[in-house]
Amino acid sequence: VTVSVSSSAGYWERLNAIGRRPMDSVVLPSDQKERVIADIRQFFQDEDWYYDNAVPFRRGYLFHGLPGTGKSSFILALASLFDMPLYILNLADPDLDDSKLQELFNSVGNNVIMLLKNIDTIIKKRSINEKKRKLSFSAVLNAIDGVTASQDRILFMTTNHIDALDPALIRPGRVDYRMEFSTLTPEQAGTMITRFYPELIETLPTLLAHPKITQMVAAELQKLLKTGASLLYLKE
């Protein structure tokens with residue numbers, strides 16, 4: 001999959017050696033994955049309806065929840081599944097101003113996925129953090145769905161703190177679908193454990209019954225499973 005990131009100069013830089021991310025490598029509750037995939041497929045199937053009714057052909061998603069729960073990994077897997085280039089926009093760039101933002105949005109072309117990652121760290125309650133920043137809140141809103149906003153694209157925003165976001169940023173029309181990412185379910189943990197330790201299938205029910213499992217996010221369990229102490233931790 002082609003992945004590009006925004007530069008301080010206001011153009012896109014393509015990253016090298018970004019392989020496709022198989023969907024089965026993203027460990028989420030299966031119904032969550034399938035609902036998002038089905039929603040995107042329906043969006044593409046409804047393309048004629050958008051144009052026939054003069055509705056901008058674009059869709060917005062907000063992935064919110066704890067860090068380390070797989071938000072960005074899922075987006076990369078979606079880009080791989082639908083064979084769409086992924087553009088990651090760095091709103092934290094102090095040199096990014098209104099005109100550069102508009103140019104970045106306008107230059108991505110058609111049939112693409114754009115990602116505004118950890119947007120809560122930059123945009124909070126109708127303002128851009130840091131008074132010296134050159135980027136305005138209104139410019140972000142206009143780039144997302146203003147009169148000159150690009151069409152034929154999917155926009156993802158991720159945040160660890162949805163309550164910090166201004167309602168104007170995530171209102172319907174800018175965000176059409178929300179999905180919360182939280183701590184592991186037994187289903188997720190079981191999938192991850194058997195991938196690393198297939199010999200533990202017989203003892204899996206005992207491990208999954210441990211209360212520590214559902215207090216972890218995916219990144220924490222993944223890190224544990226890469227260490228020799230992981231099973232001792234789960235068996236305590």
# chains A, B, ... in the order shown; residues from 1 in each chain; ligands from 1
call {"tool": "closest_atom_pairs", "arguments": {"of": "stretch 162-213 of chain A", "to": "stretch 66-78 of chain A", "cutoff": "9 Å", "atoms": "only C-alpha atoms", "output": "Markdown table"}}
result
| residue | atom | partner | partner_atom | distance |
| --- | --- | --- | --- | --- |
| A:Glu180 | CA | A:Leu66 | CA | 8.7 |
| A:Phe181 | CA | A:Thr69 | CA | 5.9 |
| A:Ser182 | CA | A:Leu66 | CA | 5.9 |
| A:Thr183 | CA | A:Thr69 | CA | 7.1 |
| A:Leu184 | CA | A:Thr69 | CA | 8.2 |
call {"tool": "select_by_dssp", "arguments": {"residues": "stretch 39-87 of chain A", "states": "strand (DSSP E)", "output": "ChimeraX atom specification"}}
result
/A:58-65,86-87
call {"tool": "write_last_selection", "arguments": {"atoms": "all heavy atoms", "output": "PDB file, in the first residue's frame"}}
result
ATOM      1  N   ARG A  58     -17.915  11.849  -0.057  1.00  0.00           N
ATOM      2  CA  ARG A  58     -16.845  11.624   0.910  1.00  0.00           C
ATOM      3  C   ARG A  58     -17.471  11.104   2.196  1.00  0.00           C
ATOM      4  O   ARG A  58     -18.657  11.304   2.456  1.00  0.00           O
ATOM      5  CB  ARG A  58     -16.042  12.899   1.161  1.00  0.00           C
ATOM      6  CG  ARG A  58     -16.858  14.127   1.476  1.00  0.00           C
ATOM      7  CD  ARG A  58     -15.977  15.355   1.690  1.00  0.00           C
ATOM      8  NE  ARG A  58     -16.758  16.547   1.931  1.00  0.00           N
ATOM      9  CZ  ARG A  58     -16.915  17.545   1.069  1.00  0.00           C
ATOM     10  NH1 ARG A  58     -16.304  17.501  -0.106  1.00  0.00           N
ATOM     11  NH2 ARG A  58     -17.653  18.607   1.368  1.00  0.00           N
ATOM     12  N   ARG A  59     -16.621  10.447   3.001  1.00  0.00           N
ATOM     13  CA  ARG A  59     -17.127   9.865   4.249  1.00  0.00           C
ATOM     14  C   ARG A  59     -16.072  10.043   5.324  1.00  0.00           C
ATOM     15  O   ARG A  59     -14.865   9.940   5.073  1.00  0.00           O
ATOM     16  CB  ARG A  59     -17.458   8.383   4.063  1.00  0.00           C
ATOM     17  CG  ARG A  59     -18.304   7.798   5.220  1.00  0.00           C
ATOM     18  CD  ARG A  59     -19.229   6.731   4.718  1.00  0.00           C
ATOM     19  NE  ARG A  59     -20.074   6.170   5.783  1.00  0.00           N
ATOM     20  CZ  ARG A  59     -21.240   6.707   6.165  1.00  0.00           C
ATOM     21  NH1 ARG A  59     -21.667   7.808   5.579  1.00  0.00           N
ATOM     22  NH2 ARG A  59     -21.962   6.147   7.116  1.00  0.00           N
ATOM     23  N   GLY A  60     -16.559  10.316   6.545  1.00  0.00           N
ATOM     24  CA  GLY A  60     -15.645  10.566   7.651  1.00  0.00           C
ATOM     25  C   GLY A  60     -15.841   9.584   8.793  1.00  0.00           C
ATOM     26  O   GLY A  60     -16.974   9.235   9.146  1.00  0.00           O
ATOM     27  N   TYR A  61     -14.727   9.150   9.369  1.00  0.00           N
ATOM     28  CA  TYR A  61     -14.735   8.198  10.479  1.00  0.00           C
ATOM     29  C   TYR A  61     -13.925   8.761  11.639  1.00  0.00           C
ATOM     30  O   TYR A  61     -12.872   9.375  11.439  1.00  0.00           O
ATOM     31  CB  TYR A  61     -14.129   6.858  10.058  1.00  0.00           C
ATOM     32  CG  TYR A  61     -14.917   6.127   9.002  1.00  0.00           C
ATOM     33  CD1 TYR A  61     -14.783   6.472   7.650  1.00  0.00           C
ATOM     34  CD2 TYR A  61     -15.798   5.110   9.329  1.00  0.00           C
ATOM     35  CE1 TYR A  61     -15.505   5.819   6.670  1.00  0.00           C
ATOM     36  CE2 TYR A  61     -16.521   4.442   8.356  1.00  0.00           C
ATOM     37  CZ  TYR A  61     -16.372   4.798   7.033  1.00  0.00           C
ATOM     38  OH  TYR A  61     -17.102   4.147   6.054  1.00  0.00           O
ATOM     39  N   LEU A  62     -14.421   8.529  12.847  1.00  0.00           N
ATOM     40  CA  LEU A  62     -13.696   8.903  14.056  1.00  0.00           C
ATOM     41  C   LEU A  62     -13.442   7.645  14.872  1.00  0.00           C
ATOM     42  O   LEU A  62     -14.374   6.987  15.325  1.00  0.00           O
ATOM     43  CB  LEU A  62     -14.506   9.906  14.898  1.00  0.00           C
ATOM     44  CG  LEU A  62     -13.872  10.305  16.232  1.00  0.00           C
ATOM     45  CD1 LEU A  62     -12.582  11.090  16.006  1.00  0.00           C
ATOM     46  CD2 LEU A  62     -14.856  11.126  17.074  1.00  0.00           C
ATOM     47  N   PHE A  63     -12.163   7.313  15.037  1.00  0.00           N
ATOM     48  CA  PHE A  63     -11.755   6.202  15.892  1.00  0.00           C
ATOM     49  C   PHE A  63     -11.249   6.799  17.199  1.00  0.00           C
ATOM     50  O   PHE A  63     -10.296   7.580  17.196  1.00  0.00           O
ATOM     51  CB  PHE A  63     -10.650   5.377  15.239  1.00  0.00           C
ATOM     52  CG  PHE A  63     -11.112   4.524  14.080  1.00  0.00           C
ATOM     53  CD1 PHE A  63     -10.188   3.810  13.324  1.00  0.00           C
ATOM     54  CD2 PHE A  63     -12.451   4.423  13.748  1.00  0.00           C
ATOM     55  CE1 PHE A  63     -10.603   3.012  12.261  1.00  0.00           C
ATOM     56  CE2 PHE A  63     -12.885   3.620  12.685  1.00  0.00           C
ATOM     57  CZ  PHE A  63     -11.952   2.920  11.947  1.00  0.00           C
ATOM     58  N   HIS A  64     -11.871   6.446  18.297  1.00  0.00           N
ATOM     59  CA  HIS A  64     -11.490   7.042  19.570  1.00  0.00           C
ATOM     60  C   HIS A  64     -11.333   5.960  20.638  1.00  0.00           C
ATOM     61  O   HIS A  64     -11.925   4.891  20.555  1.00  0.00           O
ATOM     62  CB  HIS A  64     -12.522   8.088  20.015  1.00  0.00           C
ATOM     63  CG  HIS A  64     -13.900   7.531  20.257  1.00  0.00           C
ATOM     64  ND1 HIS A  64     -14.345   7.157  21.510  1.00  0.00           N
ATOM     65  CD2 HIS A  64     -14.935   7.280  19.403  1.00  0.00           C
ATOM     66  CE1 HIS A  64     -15.590   6.719  21.418  1.00  0.00           C
ATOM     67  NE2 HIS A  64     -15.971   6.781  20.161  1.00  0.00           N
ATOM     68  N   GLY A  65     -10.511   6.274  21.635  1.00  0.00           N
ATOM     69  CA  GLY A  65     -10.299   5.337  22.725  1.00  0.00           C
ATOM     70  C   GLY A  65      -8.872   5.363  23.223  1.00  0.00           C
ATOM     71  O   GLY A  65      -8.077   6.243  22.861  1.00  0.00           O
ATOM     72  N   LEU A  86      -2.820   5.823   1.248  1.00  0.00           N
ATOM     73  CA  LEU A  86      -3.064   6.425   2.555  1.00  0.00           C
ATOM     74  C   LEU A  86      -2.206   7.672   2.708  1.00  0.00           C
ATOM     75  O   LEU A  86      -0.987   7.627   2.514  1.00  0.00           O
ATOM     76  CB  LEU A  86      -2.729   5.414   3.660  1.00  0.00           C
ATOM     77  CG  LEU A  86      -2.796   5.905   5.114  1.00  0.00           C
ATOM     78  CD1 LEU A  86      -4.208   6.363   5.471  1.00  0.00           C
ATOM     79  CD2 LEU A  86      -2.331   4.798   6.066  1.00  0.00           C
ATOM     80  N   TYR A  87      -2.849   8.782   3.068  1.00  0.00           N
ATOM     81  CA  TYR A  87      -2.168  10.054   3.284  1.00  0.00           C
ATOM     82  C   TYR A  87      -2.325  10.450   4.745  1.00  0.00           C
ATOM     83  O   TYR A  87      -3.453  10.592   5.235  1.00  0.00           O
ATOM     84  CB  TYR A  87      -2.750  11.143   2.385  1.00  0.00           C
ATOM     85  CG  TYR A  87      -2.452  10.953   0.915  1.00  0.00           C
ATOM     86  CD1 TYR A  87      -3.235  10.116   0.125  1.00  0.00           C
ATOM     87  CD2 TYR A  87      -1.380  11.608   0.323  1.00  0.00           C
ATOM     88  CE1 TYR A  87      -2.956   9.929  -1.221  1.00  0.00           C
ATOM     89  CE2 TYR A  87      -1.092  11.432  -1.028  1.00  0.00           C
ATOM     90  CZ  TYR A  87      -1.881  10.594  -1.793  1.00  0.00           C
ATOM     91  OH  TYR A  87      -1.596  10.414  -3.130  1.00  0.00           O
TER      92      TYR A  87
END
call {"tool": "select_by_dssp", "arguments": {"residues": "stretch 18-138 of chain A", "states": "alpha helix (DSSP H)", "output": "ChimeraX atom specification"}}
result
/A:30-45,47-52,71-81,98-106,137-138
call {"tool": "atom_distance", "arguments": {"atom1": "atom CA of A:Met216", "atom2": "atom CA of A:Pro167"}}
result
29.3 Å
call {"tool": "residues_around", "arguments": {"residues": "A:Thr2", "least_positions_apart": "5", "cutoff": "12 Å", "atoms": "only C-alpha atoms", "output": "list in words"}}
result
Trp12, Glu13, Arg14, Leu15, Asn16, Ala17, Ile18, Gly19, Arg20, Arg21, Leu76, Ala77, Ala79, Ser80, Phe82, Asp83, Met84, Pro85, Leu86, Tyr87, Ile88, Val112, Ile113 and Met114 of chain A
call {"tool": "residues_around", "arguments": {"residues": "A:Arg171", "least_positions_apart": "3", "cutoff": "12 Å", "atoms": "only C-alpha atoms", "output": "list in words"}}
result
Gly60, Tyr61, Leu62, Leu141, Ile144, Asp145, Leu165, Asp166, Pro167, Ala168, Arg174, Val175, Asp176, Tyr177 and Arg178 of chain A
call {"tool": "closest_residue", "arguments": {"among": "A:Asp31, A:Ile201, A:Pro94, A:Phe57", "to": "A:Asn110", "atoms": "only C-alpha atoms"}}
result
A:Phe57
call {"tool": "residues_around", "arguments": {"residues": "A:Ala189", "least_positions_apart": "4", "cutoff": "8 Å", "atoms": "only C-alpha atoms", "output": "list in words"}}
result
Leu184, Thr185, Ile193, Leu208, Ile213, Ala218 and Leu221 of chain A
call {"tool": "write_last_selection", "arguments": {"atoms": "N, CA and C atoms", "output": "PDB file, in the first residue's frame"}}
result
ATOM      1  N   LEU A 184      -8.845  -5.068  25.990  1.00  0.00           N
ATOM      2  CA  LEU A 184      -9.056  -6.337  25.307  1.00  0.00           C
ATOM      3  C   LEU A 184     -10.302  -7.073  25.779  1.00  0.00           C
ATOM      4  N   THR A 185     -10.956  -7.705  24.831  1.00  0.00           N
ATOM      5  CA  THR A 185     -11.984  -8.689  25.164  1.00  0.00           C
ATOM      6  C   THR A 185     -11.296 -10.056  25.255  1.00  0.00           C
ATOM      7  N   ILE A 193      -2.828 -14.610  22.050  1.00  0.00           N
ATOM      8  CA  ILE A 193      -2.044 -15.604  22.794  1.00  0.00           C
ATOM      9  C   ILE A 193      -1.781 -16.840  21.940  1.00  0.00           C
ATOM     10  N   LEU A 208      -7.382 -16.825  30.014  1.00  0.00           N
ATOM     11  CA  LEU A 208      -8.335 -15.783  29.674  1.00  0.00           C
ATOM     12  C   LEU A 208      -9.213 -15.385  30.854  1.00  0.00           C
ATOM     13  N   ILE A 213      -6.187  -9.678  32.019  1.00  0.00           N
ATOM     14  CA  ILE A 213      -6.372  -9.695  30.571  1.00  0.00           C
ATOM     15  C   ILE A 213      -7.251  -8.534  30.120  1.00  0.00           C
ATOM     16  N   ALA A 218      -4.263  -3.843  23.484  1.00  0.00           N
ATOM     17  CA  ALA A 218      -3.573  -4.796  22.609  1.00  0.00           C
ATOM     18  C   ALA A 218      -2.058  -4.613  22.628  1.00  0.00           C
ATOM     19  N   LEU A 221      -0.433  -6.281  25.740  1.00  0.00           N
ATOM     20  CA  LEU A 221      -0.348  -7.742  25.674  1.00  0.00           C
ATOM     21  C   LEU A 221       0.666  -8.176  24.629  1.00  0.00           C
TER      22      LEU A 221
END
call {"tool": "residues_around", "arguments": {"residues": "A:Phe105", "least_positions_apart": "6", "cutoff": "8 Å", "atoms": "only C-alpha atoms", "output": "list in words"}}
result
Ala143, Ala149 and Ser150 of chain A
call {"tool": "decode", "arguments": {"residues": "stretch 78-207 of chain A", "atoms": "C-alpha atoms", "output": "PDB file, in the first residue's frame"}}
result
ATOM      1  CA  LEU A  78      -8.363  -0.902   5.583  1.00  0.00           C
ATOM      2  CA  ALA A  79      -6.167   0.941   3.088  1.00  0.00           C
ATOM      3  CA  SER A  80      -4.585  -2.394   2.178  1.00  0.00           C
ATOM      4  CA  LEU A  81      -7.923  -4.193   1.910  1.00  0.00           C
ATOM      5  CA  PHE A  82      -9.466  -1.581  -0.400  1.00  0.00           C
ATOM      6  CA  ASP A  83      -6.185  -0.951  -2.245  1.00  0.00           C
ATOM      7  CA  MET A  84      -6.319   2.784  -1.557  1.00  0.00           C
ATOM      8  CA  PRO A  85      -3.347   5.103  -0.991  1.00  0.00           C
ATOM      9  CA  LEU A  86      -3.064   6.425   2.555  1.00  0.00           C
ATOM     10  CA  TYR A  87      -2.168  10.054   3.284  1.00  0.00           C
ATOM     11  CA  ILE A  88      -1.219  10.932   6.869  1.00  0.00           C
ATOM     12  CA  LEU A  89      -1.543  14.618   7.660  1.00  0.00           C
ATOM     13  CA  ASN A  90       0.600  15.964  10.494  1.00  0.00           C
ATOM     14  CA  LEU A  91      -1.412  18.811  12.009  1.00  0.00           C
ATOM     15  CA  ALA A  92       1.250  19.199  14.715  1.00  0.00           C
ATOM     16  CA  ASP A  93       3.698  20.657  12.199  1.00  0.00           C
ATOM     17  CA  PRO A  94       4.353  24.231  13.444  1.00  0.00           C
ATOM     18  CA  ASP A  95       4.999  25.407   9.864  1.00  0.00           C
ATOM     19  CA  LEU A  96       1.641  24.199   8.588  1.00  0.00           C
ATOM     20  CA  ASP A  97      -0.573  27.179   7.770  1.00  0.00           C
ATOM     21  CA  ASP A  98      -4.028  27.578   6.241  1.00  0.00           C
ATOM     22  CA  SER A  99      -2.890  27.728   2.621  1.00  0.00           C
ATOM     23  CA  LYS A 100      -0.569  24.724   2.943  1.00  0.00           C
ATOM     24  CA  LEU A 101      -3.341  22.712   4.572  1.00  0.00           C
ATOM     25  CA  GLN A 102      -5.719  23.499   1.726  1.00  0.00           C
ATOM     26  CA  GLU A 103      -3.062  22.616  -0.839  1.00  0.00           C
ATOM     27  CA  LEU A 104      -2.393  19.285   0.873  1.00  0.00           C
ATOM     28  CA  PHE A 105      -6.078  18.388   0.875  1.00  0.00           C
ATOM     29  CA  ASN A 106      -6.521  19.437  -2.743  1.00  0.00           C
ATOM     30  CA  SER A 107      -3.512  17.506  -4.029  1.00  0.00           C
ATOM     31  CA  VAL A 108      -4.360  14.009  -2.837  1.00  0.00           C
ATOM     32  CA  GLY A 109      -6.373  13.041  -5.899  1.00  0.00           C
ATOM     33  CA  ASN A 110      -9.369  10.685  -5.958  1.00  0.00           C
ATOM     34  CA  ASN A 111     -10.152   7.399  -4.235  1.00  0.00           C
ATOM     35  CA  VAL A 112      -7.820   7.941  -1.281  1.00  0.00           C
ATOM     36  CA  ILE A 113      -7.795   7.605   2.499  1.00  0.00           C
ATOM     37  CA  MET A 114      -6.641  10.531   4.618  1.00  0.00           C
ATOM     38  CA  LEU A 115      -5.692  10.244   8.289  1.00  0.00           C
ATOM     39  CA  LEU A 116      -5.634  13.036  10.868  1.00  0.00           C
ATOM     40  CA  LYS A 117      -3.921  11.210  13.719  1.00  0.00           C
ATOM     41  CA  ASN A 118      -4.344  12.073  17.420  1.00  0.00           C
ATOM     42  CA  ILE A 119      -6.286  15.166  16.519  1.00  0.00           C
ATOM     43  CA  ASP A 120      -7.027  15.922  20.186  1.00  0.00           C
ATOM     44  CA  THR A 121      -3.377  16.877  20.730  1.00  0.00           C
ATOM     45  CA  ILE A 122      -3.742  19.758  18.280  1.00  0.00           C
ATOM     46  CA  ILE A 123      -7.363  20.833  18.156  1.00  0.00           C
ATOM     47  CA  LYS A 124      -9.309  21.386  21.360  1.00  0.00           C
ATOM     48  CA  LYS A 125     -12.543  23.220  21.933  1.00  0.00           C
ATOM     49  CA  ARG A 126     -12.613  25.489  18.886  1.00  0.00           C
ATOM     50  CA  SER A 127      -8.933  26.428  19.015  1.00  0.00           C
ATOM     51  CA  ILE A 128      -5.538  25.304  17.784  1.00  0.00           C
ATOM     52  CA  ASN A 129      -3.088  24.647  20.613  1.00  0.00           C
ATOM     53  CA  GLU A 130      -0.273  27.176  21.006  1.00  0.00           C
ATOM     54  CA  LYS A 131      -1.011  30.779  20.086  1.00  0.00           C
ATOM     55  CA  LYS A 132       1.959  30.996  17.729  1.00  0.00           C
ATOM     56  CA  ARG A 133       0.664  28.216  15.480  1.00  0.00           C
ATOM     57  CA  LYS A 134      -0.076  29.357  11.935  1.00  0.00           C
ATOM     58  CA  LEU A 135      -2.998  27.017  11.368  1.00  0.00           C
ATOM     59  CA  SER A 136      -6.543  28.152  12.159  1.00  0.00           C
ATOM     60  CA  PHE A 137      -9.439  26.048  13.394  1.00  0.00           C
ATOM     61  CA  SER A 138     -11.708  27.331  10.622  1.00  0.00           C
ATOM     62  CA  ALA A 139      -9.181  26.262   7.973  1.00  0.00           C
ATOM     63  CA  VAL A 140      -9.287  22.687   9.277  1.00  0.00           C
ATOM     64  CA  LEU A 141     -13.090  22.648   9.135  1.00  0.00           C
ATOM     65  CA  ASN A 142     -13.128  24.109   5.619  1.00  0.00           C
ATOM     66  CA  ALA A 143     -10.551  21.602   4.399  1.00  0.00           C
ATOM     67  CA  ILE A 144     -12.650  18.736   5.716  1.00  0.00           C
ATOM     68  CA  ASP A 145     -15.994  19.721   4.206  1.00  0.00           C
ATOM     69  CA  GLY A 146     -15.978  23.315   2.960  1.00  0.00           C
ATOM     70  CA  VAL A 147     -17.150  24.436  -0.461  1.00  0.00           C
ATOM     71  CA  THR A 148     -13.752  23.683  -2.022  1.00  0.00           C
ATOM     72  CA  ALA A 149     -13.130  20.451  -0.054  1.00  0.00           C
ATOM     73  CA  SER A 150     -12.014  17.472  -2.112  1.00  0.00           C
ATOM     74  CA  GLN A 151     -14.399  14.633  -2.916  1.00  0.00           C
ATOM     75  CA  ASP A 152     -14.046  10.920  -3.601  1.00  0.00           C
ATOM     76  CA  ARG A 153     -12.119  10.298  -0.394  1.00  0.00           C
ATOM     77  CA  ILE A 154     -12.419   8.769   3.052  1.00  0.00           C
ATOM     78  CA  LEU A 155     -11.196  10.740   6.060  1.00  0.00           C
ATOM     79  CA  PHE A 156     -10.192   9.133   9.350  1.00  0.00           C
ATOM     80  CA  MET A 157      -9.557  11.039  12.538  1.00  0.00           C
ATOM     81  CA  THR A 158      -8.156   9.362  15.649  1.00  0.00           C
ATOM     82  CA  THR A 159      -8.187  10.604  19.213  1.00  0.00           C
ATOM     83  CA  ASN A 160      -7.422   9.304  22.686  1.00  0.00           C
ATOM     84  CA  HIS A 161      -9.686  11.926  24.267  1.00  0.00           C
ATOM     85  CA  ILE A 162     -12.943  12.408  22.411  1.00  0.00           C
ATOM     86  CA  ASP A 163     -14.303  14.690  25.143  1.00  0.00           C
ATOM     87  CA  ALA A 164     -11.570  17.224  24.354  1.00  0.00           C
ATOM     88  CA  LEU A 165     -12.770  17.737  20.789  1.00  0.00           C
ATOM     89  CA  ASP A 166     -14.995  20.574  19.748  1.00  0.00           C
ATOM     90  CA  PRO A 167     -18.448  19.331  18.637  1.00  0.00           C
ATOM     91  CA  ALA A 168     -18.118  21.311  15.401  1.00  0.00           C
ATOM     92  CA  LEU A 169     -15.186  19.140  14.357  1.00  0.00           C
ATOM     93  CA  ILE A 170     -17.034  15.845  14.749  1.00  0.00           C
ATOM     94  CA  ARG A 171     -20.599  16.752  13.856  1.00  0.00           C
ATOM     95  CA  PRO A 172     -22.525  14.612  11.314  1.00  0.00           C
ATOM     96  CA  GLY A 173     -21.298  15.377   7.833  1.00  0.00           C
ATOM     97  CA  ARG A 174     -17.728  15.643   9.037  1.00  0.00           C
ATOM     98  CA  VAL A 175     -17.885  12.416  11.013  1.00  0.00           C
ATOM     99  CA  ASP A 176     -20.372   9.859   9.716  1.00  0.00           C
ATOM    100  CA  TYR A 177     -19.232   6.851  11.738  1.00  0.00           C
ATOM    101  CA  ARG A 178     -17.711   6.575  15.208  1.00  0.00           C
ATOM    102  CA  MET A 179     -15.967   3.569  16.693  1.00  0.00           C
ATOM    103  CA  GLU A 180     -14.584   3.200  20.195  1.00  0.00           C
ATOM    104  CA  PHE A 181     -11.414   1.192  20.881  1.00  0.00           C
ATOM    105  CA  SER A 182     -11.037  -0.121  24.423  1.00  0.00           C
ATOM    106  CA  THR A 183      -9.263  -2.761  26.498  1.00  0.00           C
ATOM    107  CA  LEU A 184      -9.056  -6.337  25.307  1.00  0.00           C
ATOM    108  CA  THR A 185     -11.984  -8.689  25.164  1.00  0.00           C
ATOM    109  CA  PRO A 186     -11.333 -12.385  25.921  1.00  0.00           C
ATOM    110  CA  GLU A 187     -11.807 -13.049  22.192  1.00  0.00           C
ATOM    111  CA  GLN A 188      -9.043 -10.608  21.254  1.00  0.00           C
ATOM    112  CA  ALA A 189      -6.666 -11.848  23.940  1.00  0.00           C
ATOM    113  CA  GLY A 190      -7.256 -15.457  22.948  1.00  0.00           C
ATOM    114  CA  THR A 191      -6.408 -14.726  19.332  1.00  0.00           C
ATOM    115  CA  MET A 192      -3.186 -12.966  20.291  1.00  0.00           C
ATOM    116  CA  ILE A 193      -2.044 -15.604  22.794  1.00  0.00           C
ATOM    117  CA  THR A 194      -2.598 -18.542  20.432  1.00  0.00           C
ATOM    118  CA  ARG A 195      -0.649 -16.769  17.692  1.00  0.00           C
ATOM    119  CA  PHE A 196       2.414 -16.499  19.913  1.00  0.00           C
ATOM    120  CA  TYR A 197       1.887 -19.678  21.931  1.00  0.00           C
ATOM    121  CA  PRO A 198      -0.213 -22.205  19.971  1.00  0.00           C
ATOM    122  CA  GLU A 199       0.839 -24.870  22.483  1.00  0.00           C
ATOM    123  CA  LEU A 200      -1.334 -23.133  25.084  1.00  0.00           C
ATOM    124  CA  ILE A 201      -4.674 -23.885  23.447  1.00  0.00           C
ATOM    125  CA  GLU A 202      -5.584 -26.387  26.170  1.00  0.00           C
ATOM    126  CA  THR A 203      -4.833 -23.931  28.992  1.00  0.00           C
ATOM    127  CA  LEU A 204      -6.248 -20.910  27.194  1.00  0.00           C
ATOM    128  CA  PRO A 205      -9.519 -20.784  29.191  1.00  0.00           C
ATOM    129  CA  THR A 206      -7.556 -20.480  32.436  1.00  0.00           C
ATOM    130  CA  LEU A 207      -5.372 -17.696  31.067  1.00  0.00           C
TER     131      LEU A 207
END
